[in-house]
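The data block below is data07.cif; it holds mmCIF, C-alpha atoms.
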```cif
data_data
loop_
_atom_site.label_atom_id
_atom_site.label_comp_id
_atom_site.auth_asym_id
_atom_site.auth_seq_id
_atom_site.Cartn_x
_atom_site.Cartn_y
_atom_site.Cartn_z
CA MET K 97 6.86 22.02 -54.49
CA ILE K 98 7.19 23.08 -50.88
CA ASN K 99 6.20 20.58 -48.22
CA LEU K 100 4.78 22.69 -45.38
CA GLY K 101 4.16 19.72 -43.11
CA LYS K 102 7.81 18.69 -42.99
CA LYS K 103 9.88 19.91 -40.06
CA GLN K 104 12.69 22.31 -40.94
CA GLU K 105 16.24 21.07 -40.43
CA LYS K 106 18.66 23.17 -38.43
CA ILE K 107 21.20 24.97 -40.58
CA ASN K 108 24.64 25.47 -39.06
CA GLN K 109 26.10 28.96 -39.00
CA THR K 110 29.34 29.63 -40.84
CA TYR K 111 32.02 31.60 -39.07
CA ASN K 112 34.31 32.68 -41.89
CA ASP K 113 34.58 36.48 -41.65
CA GLY K 114 37.94 36.34 -39.91
CA ILE K 115 39.82 35.31 -36.79
CA VAL K 116 39.35 37.06 -33.46
CA LYS K 117 42.00 36.81 -30.74
CA PHE K 118 41.26 37.19 -27.02
CA VAL K 119 44.34 38.97 -25.65
CA LYS K 120 45.47 39.95 -22.18
CA TYR K 121 48.14 42.61 -21.74
CA GLU K 122 50.62 42.16 -18.91
CA PHE K 123 52.58 45.28 -18.02
CA GLU K 124 56.18 45.04 -16.93
CA LYS K 125 57.06 46.39 -13.49
CA ASP K 126 60.19 48.00 -12.12
CA GLU K 127 61.97 47.25 -8.83
CA PHE K 128 59.43 49.39 -6.93
CA ASN K 129 56.48 47.39 -8.36
CA THR K 130 55.34 50.30 -10.55
CA LYS K 131 53.71 49.50 -13.88
CA LEU K 132 55.76 50.50 -16.90
CA THR K 133 54.40 51.42 -20.32
CA THR K 134 55.95 48.38 -21.98
CA LYS K 135 53.54 45.49 -22.17
CA ILE K 136 53.52 41.85 -23.19
CA GLU K 137 50.64 40.55 -25.31
CA LYS K 138 49.42 37.17 -24.07
CA GLU K 139 46.94 35.39 -26.35
CA ILE K 140 44.24 33.58 -24.36
CA LYS K 141 42.19 32.01 -27.17
CA SER K 142 41.28 32.60 -30.80
CA PHE K 143 38.07 31.89 -32.71
CA TRP K 144 36.62 32.22 -36.17
CA PHE K 145 33.81 34.79 -36.15
CA ARG K 146 30.96 36.11 -38.25
CA LYS K 147 29.87 39.74 -38.46
CA LEU K 148 26.59 40.92 -36.98
CA GLY K 149 24.77 44.18 -37.51
CA ILE K 150 24.42 46.80 -34.79
CA THR K 151 20.79 47.49 -34.01
CA SER K 152 19.54 50.98 -33.22
CA ILE K 153 18.27 49.79 -29.82
CA GLU K 154 21.70 48.49 -28.87
CA GLN K 155 23.36 51.69 -30.08
CA TYR K 156 20.90 53.75 -28.03
CA GLN K 157 21.48 51.65 -24.89
CA ALA K 158 25.25 51.90 -25.30
CA LEU K 159 25.08 55.67 -25.64
CA GLN K 160 23.23 55.80 -22.31
CA VAL K 161 26.47 54.68 -20.61
CA ASP K 162 28.72 56.83 -22.87
CA THR K 163 30.04 54.06 -25.09
CA GLU K 164 29.69 53.64 -28.83
CA VAL K 165 29.51 50.09 -30.14
CA SER K 166 31.69 49.94 -33.23
CA ARG K 167 31.38 46.24 -34.10
CA ARG K 168 29.32 43.15 -33.25
CA ILE K 169 30.52 39.63 -33.87
CA ALA K 170 29.38 36.10 -33.13
CA ILE K 171 31.56 33.13 -32.24
CA ARG K 172 30.71 29.53 -31.48
CA LEU K 173 29.12 29.15 -28.05
CA PHE K 174 31.79 29.85 -25.45
CA PRO K 175 29.92 29.59 -22.12
CA ARG K 176 33.04 29.48 -19.96
CA ILE K 177 33.80 33.21 -20.30
CA ASP K 178 34.46 34.40 -16.79
CA TYR K 179 32.84 37.80 -16.42
CA TYR K 180 35.37 39.07 -13.91
CA ILE K 181 38.16 38.48 -16.46
CA LEU K 182 36.43 40.44 -19.23
CA SER K 183 37.67 43.76 -17.88
CA ASP K 184 41.25 42.58 -18.50
CA LEU K 185 40.66 41.05 -21.94
CA PHE K 186 40.97 42.80 -25.26
CA ILE K 187 39.90 41.63 -28.70
CA VAL K 188 42.24 41.90 -31.69
CA ILE K 189 40.81 41.77 -35.22
CA LYS K 190 43.16 42.63 -38.10
CA ASN K 191 45.52 44.62 -35.81
CA LYS K 192 42.66 46.72 -34.41
CA ILE K 193 42.09 46.52 -30.66
CA TYR K 194 38.61 46.38 -29.12
CA THR K 195 37.17 46.09 -25.62
CA ILE K 196 34.12 44.00 -24.84
CA SER K 197 31.04 45.98 -23.87
CA ARG K 198 28.41 43.22 -23.90
CA VAL K 199 28.34 39.42 -24.00
CA TYR K 200 25.19 37.49 -24.87
CA HIS K 201 25.00 33.70 -25.04
CA ASN K 202 22.42 32.82 -27.69
CA HIS K 203 21.63 29.18 -26.96
CA THR K 204 19.07 28.83 -29.75
CA LYS K 205 21.76 29.57 -32.35
CA ASN K 206 24.48 27.93 -30.26
CA GLU K 207 26.71 31.01 -30.34
CA THR K 208 28.09 33.84 -28.21
CA GLU K 209 27.47 37.40 -29.39
CA LEU K 210 30.01 40.09 -28.49
CA SER K 211 29.52 43.84 -28.74
CA LEU K 212 32.86 45.58 -29.19
CA VAL K 213 34.14 49.12 -28.69
CA GLU K 214 37.26 50.14 -30.61
CA VAL K 215 40.24 51.34 -28.58
CA ILE K 216 41.73 54.44 -30.16
CA LYS K 217 45.47 54.83 -29.69
CA LYS K 218 46.81 58.31 -29.04
#
```
Can you dump the structure from the file as structure tokens?
Amino acid sequence: MINLGKKQEKINQTYNDGIVKFVKYEFEKDEFNTKLTTKIEKEIKSFWFRKLGITSIEQYQALQVDTEVSRRIAIRLFPRIDYYILSDLFIVIKNKIYTISRVYHNHTKNETELSLVEVIKK
């Protein structure tokens, strides 16, 4: 029997779809301070994540600025993401590289949602 008068307990989210790494690439420079193509991968932080679906509204809004969201993930709440650093950070999931197109801190679920765009190597 269901007790409708009883208050619902909060259920914790499980983040077990994989590990996401926040990575910053530092390019080597020559004696004239010119960036070279060789780069060093510096891992900033890593988290367990869970997959989220891409809504049609978000896909439409991303296409307005000529980007195509290829993946959405959620991690535990990480409020100390500095927005000026996000342009330098990349996301690595199973050897695929992504850039961050949108960050949303969902305080009701106590998580940070990230919209990712895949970087295609040529």
Just say which residues the PyMOL selection byres ((chain K and resi 155) around 12) picks in this file, as number ranges by chain.
K: 149-154, 156-168, 197-198, 211-213
Residue selection dump (C-alpha atoms) as a PDB file, in the frame of the given file:
```pdb
ATOM      1  CA  GLY K 149      24.770  44.180 -37.510  1.00  0.00           C
ATOM      2  CA  ILE K 150      24.420  46.800 -34.790  1.00  0.00           C
ATOM      3  CA  THR K 151      20.790  47.490 -34.010  1.00  0.00           C
ATOM      4  CA  SER K 152      19.540  50.980 -33.220  1.00  0.00           C
ATOM      5  CA  ILE K 153      18.270  49.790 -29.820  1.00  0.00           C
ATOM      6  CA  GLU K 154      21.700  48.490 -28.870  1.00  0.00           C
ATOM      7  CA  TYR K 156      20.900  53.750 -28.030  1.00  0.00           C
ATOM      8  CA  GLN K 157      21.480  51.650 -24.890  1.00  0.00           C
ATOM      9  CA  ALA K 158      25.250  51.900 -25.300  1.00  0.00           C
ATOM     10  CA  LEU K 159      25.080  55.670 -25.640  1.00  0.00           C
ATOM     11  CA  GLN K 160      23.230  55.800 -22.310  1.00  0.00           C
ATOM     12  CA  VAL K 161      26.470  54.680 -20.610  1.00  0.00           C
ATOM     13  CA  ASP K 162      28.720  56.830 -22.870  1.00  0.00           C
ATOM     14  CA  THR K 163      30.040  54.060 -25.090  1.00  0.00           C
ATOM     15  CA  GLU K 164      29.690  53.640 -28.830  1.00  0.00           C
ATOM     16  CA  VAL K 165      29.510  50.090 -30.140  1.00  0.00           C
ATOM     17  CA  SER K 166      31.690  49.940 -33.230  1.00  0.00           C
ATOM     18  CA  ARG K 167      31.380  46.240 -34.100  1.00  0.00           C
ATOM     19  CA  ARG K 168      29.320  43.150 -33.250  1.00  0.00           C
ATOM     20  CA  SER K 197      31.040  45.980 -23.870  1.00  0.00           C
ATOM     21  CA  ARG K 198      28.410  43.220 -23.900  1.00  0.00           C
ATOM     22  CA  SER K 211      29.520  43.840 -28.740  1.00  0.00           C
ATOM     23  CA  LEU K 212      32.860  45.580 -29.190  1.00  0.00           C
ATOM     24  CA  VAL K 213      34.140  49.120 -28.690  1.00  0.00           C
TER      25      VAL K 213
END
```
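Interatomic distance, CA of Ile140 (chain K) against CA of Lys120 (chain K): 6.8 Å.
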Expansion of the PyMOL selection byres ((chain K and resi 189) around 9) into residues, as an MDAnalysis selection string
chainID K and resid 114:117 187:188 190:194
Could you save the residues just selected, with C-alpha atoms, as a PDB file, in the frame of the given file?
```
ATOM      1  CA  GLY K 114      37.940  36.340 -39.910  1.00  0.00           C
ATOM      2  CA  ILE K 115      39.820  35.310 -36.790  1.00  0.00           C
ATOM      3  CA  VAL K 116      39.350  37.060 -33.460  1.00  0.00           C
ATOM      4  CA  LYS K 117      42.000  36.810 -30.740  1.00  0.00           C
ATOM      5  CA  ILE K 187      39.900  41.630 -28.700  1.00  0.00           C
ATOM      6  CA  VAL K 188      42.240  41.900 -31.690  1.00  0.00           C
ATOM      7  CA  LYS K 190      43.160  42.630 -38.100  1.00  0.00           C
ATOM      8  CA  ASN K 191      45.520  44.620 -35.810  1.00  0.00           C
ATOM      9  CA  LYS K 192      42.660  46.720 -34.410  1.00  0.00           C
ATOM     10  CA  ILE K 193      42.090  46.520 -30.660  1.00  0.00           C
ATOM     11  CA  TYR K 194      38.610  46.380 -29.120  1.00  0.00           C
TER      12      TYR K 194
END
```
For the provided coordinates, the residues matched by the PyMOL selection byres ((chain K and resi 143) around 10) should be stated as a list of chain:residue names.
K:Tyr111, K:Asn112, K:Gly114, K:Ile115, K:Val116, K:Lys117, K:Phe118, K:Lys141, K:Ser142, K:Trp144, K:Phe145, K:Arg146, K:Ala170, K:Ile171, K:Arg172, K:Phe174
Once 4 Å is added on each side, what centre and edge lengths in Å to one decimal does the axis-aligned box around all listed atoms of region 128-140 of chain K have, as lines of an AutoDock Vina configuration file?
```
center_x = 51.8
center_y = 42.5
center_z = -16.6
size_x = 23.2
size_y = 25.8
size_z = 27.4
```
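Of note, CA of Asp113 (chain K) and CA of Leu148 (chain K) are spaced 10.3 Å apart.
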Residues at most 9 Å from His201 (chain K), counting only C-alpha atoms, excluding those fewer than 6 positions away in the same chain, as a VMD selection string?
chain K and resid 173 to 175 207 to 210
I'd like the neighbourhood of Glu137 (chain K) as a VMD selection string, where a residue qualifies if any of its atoms comes within 10 Å (using all atoms listed in the file), though same-chain residues fewer than 4 positions away should be ignored.
chain K and resid 119 to 123 186
Go ahead and dump the residues you just picked, C-alpha atoms, as a tab-separated table (two decimals), keeping the file's coordinate frame.
```
chain	number	residue	atom	x	y	z
K	119	VAL	CA	44.34	38.97	-25.65
K	120	LYS	CA	45.47	39.95	-22.18
K	121	TYR	CA	48.14	42.61	-21.74
K	122	GLU	CA	50.62	42.16	-18.91
K	123	PHE	CA	52.58	45.28	-18.02
K	186	PHE	CA	40.97	42.80	-25.26
```
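Computed from the coordinates, the CA of Ile216 (chain K) to CA of Glu124 (chain K) distance equals 21.7 Å.
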Just save chain K with C-alpha atoms, as a PDB file, in the first residue's frame.
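Contents of result.pdb, freshly written:
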```
ATOM      1  CA  MET K  97       0.000   0.000   0.000  1.00  0.00           C
ATOM      2  CA  ILE K  98       1.273   3.438  -0.903  1.00  0.00           C
ATOM      3  CA  ASN K  99       1.338   6.052   1.837  1.00  0.00           C
ATOM      4  CA  LEU K 100       0.631   9.345   0.056  1.00  0.00           C
ATOM      5  CA  GLY K 101       0.978  11.440   3.193  1.00  0.00           C
ATOM      6  CA  LYS K 102       4.580  10.426   3.809  1.00  0.00           C
ATOM      7  CA  LYS K 103       7.302  12.729   2.521  1.00  0.00           C
ATOM      8  CA  GLN K 104       9.499  11.286  -0.216  1.00  0.00           C
ATOM      9  CA  GLU K 105      13.133  10.660   0.639  1.00  0.00           C
ATOM     10  CA  LYS K 106      15.829  12.045  -1.611  1.00  0.00           C
ATOM     11  CA  ILE K 107      17.460   9.418  -3.795  1.00  0.00           C
ATOM     12  CA  ASN K 108      21.133   9.924  -4.591  1.00  0.00           C
ATOM     13  CA  GLN K 109      22.217   9.858  -8.218  1.00  0.00           C
ATOM     14  CA  THR K 110      24.697   7.225  -9.339  1.00  0.00           C
ATOM     15  CA  TYR K 111      27.591   8.317 -11.504  1.00  0.00           C
ATOM     16  CA  ASN K 112      28.837   5.062 -12.983  1.00  0.00           C
ATOM     17  CA  ASP K 113      28.815   5.529 -16.771  1.00  0.00           C
ATOM     18  CA  GLY K 114      32.541   6.215 -16.914  1.00  0.00           C
ATOM     19  CA  ILE K 115      35.333   8.565 -15.935  1.00  0.00           C
ATOM     20  CA  VAL K 116      35.702  12.025 -17.443  1.00  0.00           C
ATOM     21  CA  LYS K 117      39.050  13.844 -17.345  1.00  0.00           C
ATOM     22  CA  PHE K 118      39.407  17.633 -17.438  1.00  0.00           C
ATOM     23  CA  VAL K 119      42.574  18.215 -19.475  1.00  0.00           C
ATOM     24  CA  LYS K 120      44.576  21.285 -20.394  1.00  0.00           C
ATOM     25  CA  TYR K 121      47.007  21.165 -23.308  1.00  0.00           C
ATOM     26  CA  GLU K 122      50.233  23.112 -22.984  1.00  0.00           C
ATOM     27  CA  PHE K 123      52.074  23.661 -26.251  1.00  0.00           C
ATOM     28  CA  GLU K 124      55.838  23.652 -26.366  1.00  0.00           C
ATOM     29  CA  LYS K 125      57.572  26.800 -27.612  1.00  0.00           C
ATOM     30  CA  ASP K 126      60.805  27.346 -29.492  1.00  0.00           C
ATOM     31  CA  GLU K 127      63.527  29.909 -28.775  1.00  0.00           C
ATOM     32  CA  PHE K 128      61.474  32.636 -30.506  1.00  0.00           C
ATOM     33  CA  ASN K 129      58.424  31.942 -28.269  1.00  0.00           C
ATOM     34  CA  THR K 130      56.437  30.428 -31.143  1.00  0.00           C
ATOM     35  CA  LYS K 131      53.978  27.644 -30.350  1.00  0.00           C
ATOM     36  CA  LEU K 132      54.948  24.262 -31.733  1.00  0.00           C
ATOM     37  CA  THR K 133      52.573  21.459 -32.678  1.00  0.00           C
ATOM     38  CA  THR K 134      53.836  19.176 -29.917  1.00  0.00           C
ATOM     39  CA  LYS K 135      51.752  19.442 -26.789  1.00  0.00           C
ATOM     40  CA  ILE K 136      51.767  18.175 -23.237  1.00  0.00           C
ATOM     41  CA  GLU K 137      48.520  16.869 -21.732  1.00  0.00           C
ATOM     42  CA  LYS K 138      48.041  18.118 -18.179  1.00  0.00           C
ATOM     43  CA  GLU K 139      45.170  16.504 -16.253  1.00  0.00           C
ATOM     44  CA  ILE K 140      43.351  19.018 -14.052  1.00  0.00           C
ATOM     45  CA  LYS K 141      40.716  16.797 -12.414  1.00  0.00           C
ATOM     46  CA  SER K 142      38.737  13.636 -13.091  1.00  0.00           C
ATOM     47  CA  PHE K 143      35.183  12.678 -12.133  1.00  0.00           C
ATOM     48  CA  TRP K 144      32.756   9.819 -12.476  1.00  0.00           C
ATOM     49  CA  PHE K 145      29.851  10.855 -14.716  1.00  0.00           C
ATOM     50  CA  ARG K 146      26.408   9.775 -15.814  1.00  0.00           C
ATOM     51  CA  LYS K 147      24.978  10.194 -19.309  1.00  0.00           C
ATOM     52  CA  LEU K 148      22.182  12.648 -20.028  1.00  0.00           C
ATOM     53  CA  GLY K 149      19.991  12.930 -23.089  1.00  0.00           C
ATOM     54  CA  ILE K 150      20.222  15.852 -25.507  1.00  0.00           C
ATOM     55  CA  THR K 151      16.926  17.697 -25.746  1.00  0.00           C
ATOM     56  CA  SER K 152      15.653  19.097 -29.020  1.00  0.00           C
ATOM     57  CA  ILE K 153      15.554  22.605 -27.514  1.00  0.00           C
ATOM     58  CA  GLU K 154      19.217  22.425 -26.561  1.00  0.00           C
ATOM     59  CA  GLN K 155      20.147  21.054 -29.991  1.00  0.00           C
ATOM     60  CA  TYR K 156      18.217  23.893 -31.642  1.00  0.00           C
ATOM     61  CA  GLN K 157      19.882  26.550 -29.460  1.00  0.00           C
ATOM     62  CA  ALA K 158      23.326  25.093 -30.149  1.00  0.00           C
ATOM     63  CA  LEU K 159      22.716  25.139 -33.894  1.00  0.00           C
ATOM     64  CA  GLN K 160      21.924  28.855 -33.630  1.00  0.00           C
ATOM     65  CA  VAL K 161      25.603  29.456 -32.799  1.00  0.00           C
ATOM     66  CA  ASP K 162      26.890  26.839 -35.303  1.00  0.00           C
ATOM     67  CA  THR K 163      27.751  24.104 -32.825  1.00  0.00           C
ATOM     68  CA  GLU K 164      26.354  20.603 -32.564  1.00  0.00           C
ATOM     69  CA  VAL K 165      26.127  19.103 -29.091  1.00  0.00           C
ATOM     70  CA  SER K 166      27.301  15.519 -29.355  1.00  0.00           C
ATOM     71  CA  ARG K 167      27.093  14.467 -25.693  1.00  0.00           C
ATOM     72  CA  ARG K 168      25.669  15.614 -22.351  1.00  0.00           C
ATOM     73  CA  ILE K 169      26.954  14.379 -19.022  1.00  0.00           C
ATOM     74  CA  ALA K 170      26.403  15.122 -15.355  1.00  0.00           C
ATOM     75  CA  ILE K 171      29.016  15.088 -12.605  1.00  0.00           C
ATOM     76  CA  ARG K 172      28.762  15.761  -8.897  1.00  0.00           C
ATOM     77  CA  LEU K 173      28.290  19.456  -8.156  1.00  0.00           C
ATOM     78  CA  PHE K 174      31.524  21.236  -9.009  1.00  0.00           C
ATOM     79  CA  PRO K 175      30.750  24.923  -8.371  1.00  0.00           C
ATOM     80  CA  ARG K 176      34.357  26.087  -8.495  1.00  0.00           C
ATOM     81  CA  ILE K 177      34.643  25.854 -12.296  1.00  0.00           C
ATOM     82  CA  ASP K 178      36.195  29.120 -13.366  1.00  0.00           C
ATOM     83  CA  TYR K 179      34.445  30.218 -16.536  1.00  0.00           C
ATOM     84  CA  TYR K 180      37.481  31.998 -17.944  1.00  0.00           C
ATOM     85  CA  ILE K 181      39.432  28.716 -17.812  1.00  0.00           C
ATOM     86  CA  LEU K 182      36.800  26.725 -19.709  1.00  0.00           C
ATOM     87  CA  SER K 183      38.068  27.942 -23.067  1.00  0.00           C
ATOM     88  CA  ASP K 184      41.399  26.221 -22.336  1.00  0.00           C
ATOM     89  CA  LEU K 185      39.975  22.983 -20.934  1.00  0.00           C
ATOM     90  CA  PHE K 186      39.135  19.872 -22.878  1.00  0.00           C
ATOM     91  CA  ILE K 187      37.211  16.797 -21.788  1.00  0.00           C
ATOM     92  CA  VAL K 188      38.536  13.294 -22.470  1.00  0.00           C
ATOM     93  CA  ILE K 189      36.144  10.322 -22.370  1.00  0.00           C
ATOM     94  CA  LYS K 190      37.465   6.974 -23.643  1.00  0.00           C
ATOM     95  CA  ASN K 191      40.195   8.650 -25.766  1.00  0.00           C
ATOM     96  CA  LYS K 192      37.690  10.989 -27.451  1.00  0.00           C
ATOM     97  CA  ILE K 193      38.267  14.708 -26.990  1.00  0.00           C
ATOM     98  CA  TYR K 194      35.422  17.166 -26.373  1.00  0.00           C
ATOM     99  CA  THR K 195      35.108  20.891 -25.737  1.00  0.00           C
ATOM    100  CA  ILE K 196      32.622  22.333 -23.280  1.00  0.00           C
ATOM    101  CA  SER K 197      29.798  24.312 -24.849  1.00  0.00           C
ATOM    102  CA  ARG K 198      27.540  24.804 -21.817  1.00  0.00           C
ATOM    103  CA  VAL K 199      27.789  24.406 -18.042  1.00  0.00           C
ATOM    104  CA  TYR K 200      24.711  24.315 -15.823  1.00  0.00           C
ATOM    105  CA  HIS K 201      24.830  23.897 -12.051  1.00  0.00           C
ATOM    106  CA  ASN K 202      21.682  22.024 -11.029  1.00  0.00           C
ATOM    107  CA  HIS K 203      21.478  22.648  -7.292  1.00  0.00           C
ATOM    108  CA  THR K 204      18.251  20.693  -6.804  1.00  0.00           C
ATOM    109  CA  LYS K 205      19.977  17.496  -7.984  1.00  0.00           C
ATOM    110  CA  ASN K 206      23.332  18.578  -6.543  1.00  0.00           C
ATOM    111  CA  GLU K 207      25.153  18.114  -9.856  1.00  0.00           C
ATOM    112  CA  THR K 208      26.826  19.992 -12.704  1.00  0.00           C
ATOM    113  CA  GLU K 209      25.562  19.344 -16.229  1.00  0.00           C
ATOM    114  CA  LEU K 210      28.004  19.702 -19.133  1.00  0.00           C
ATOM    115  CA  SER K 211      27.118  19.914 -22.818  1.00  0.00           C
ATOM    116  CA  LEU K 212      30.010  18.676 -24.944  1.00  0.00           C
ATOM    117  CA  VAL K 213      31.042  19.084 -28.572  1.00  0.00           C
ATOM    118  CA  GLU K 214      33.355  16.445 -30.036  1.00  0.00           C
ATOM    119  CA  VAL K 215      36.679  17.629 -31.453  1.00  0.00           C
ATOM    120  CA  ILE K 216      37.347  15.949 -34.775  1.00  0.00           C
ATOM    121  CA  LYS K 217      41.015  15.366 -35.557  1.00  0.00           C
ATOM    122  CA  LYS K 218      42.158  15.895 -39.131  1.00  0.00           C
TER     123      LYS K 218
END
```
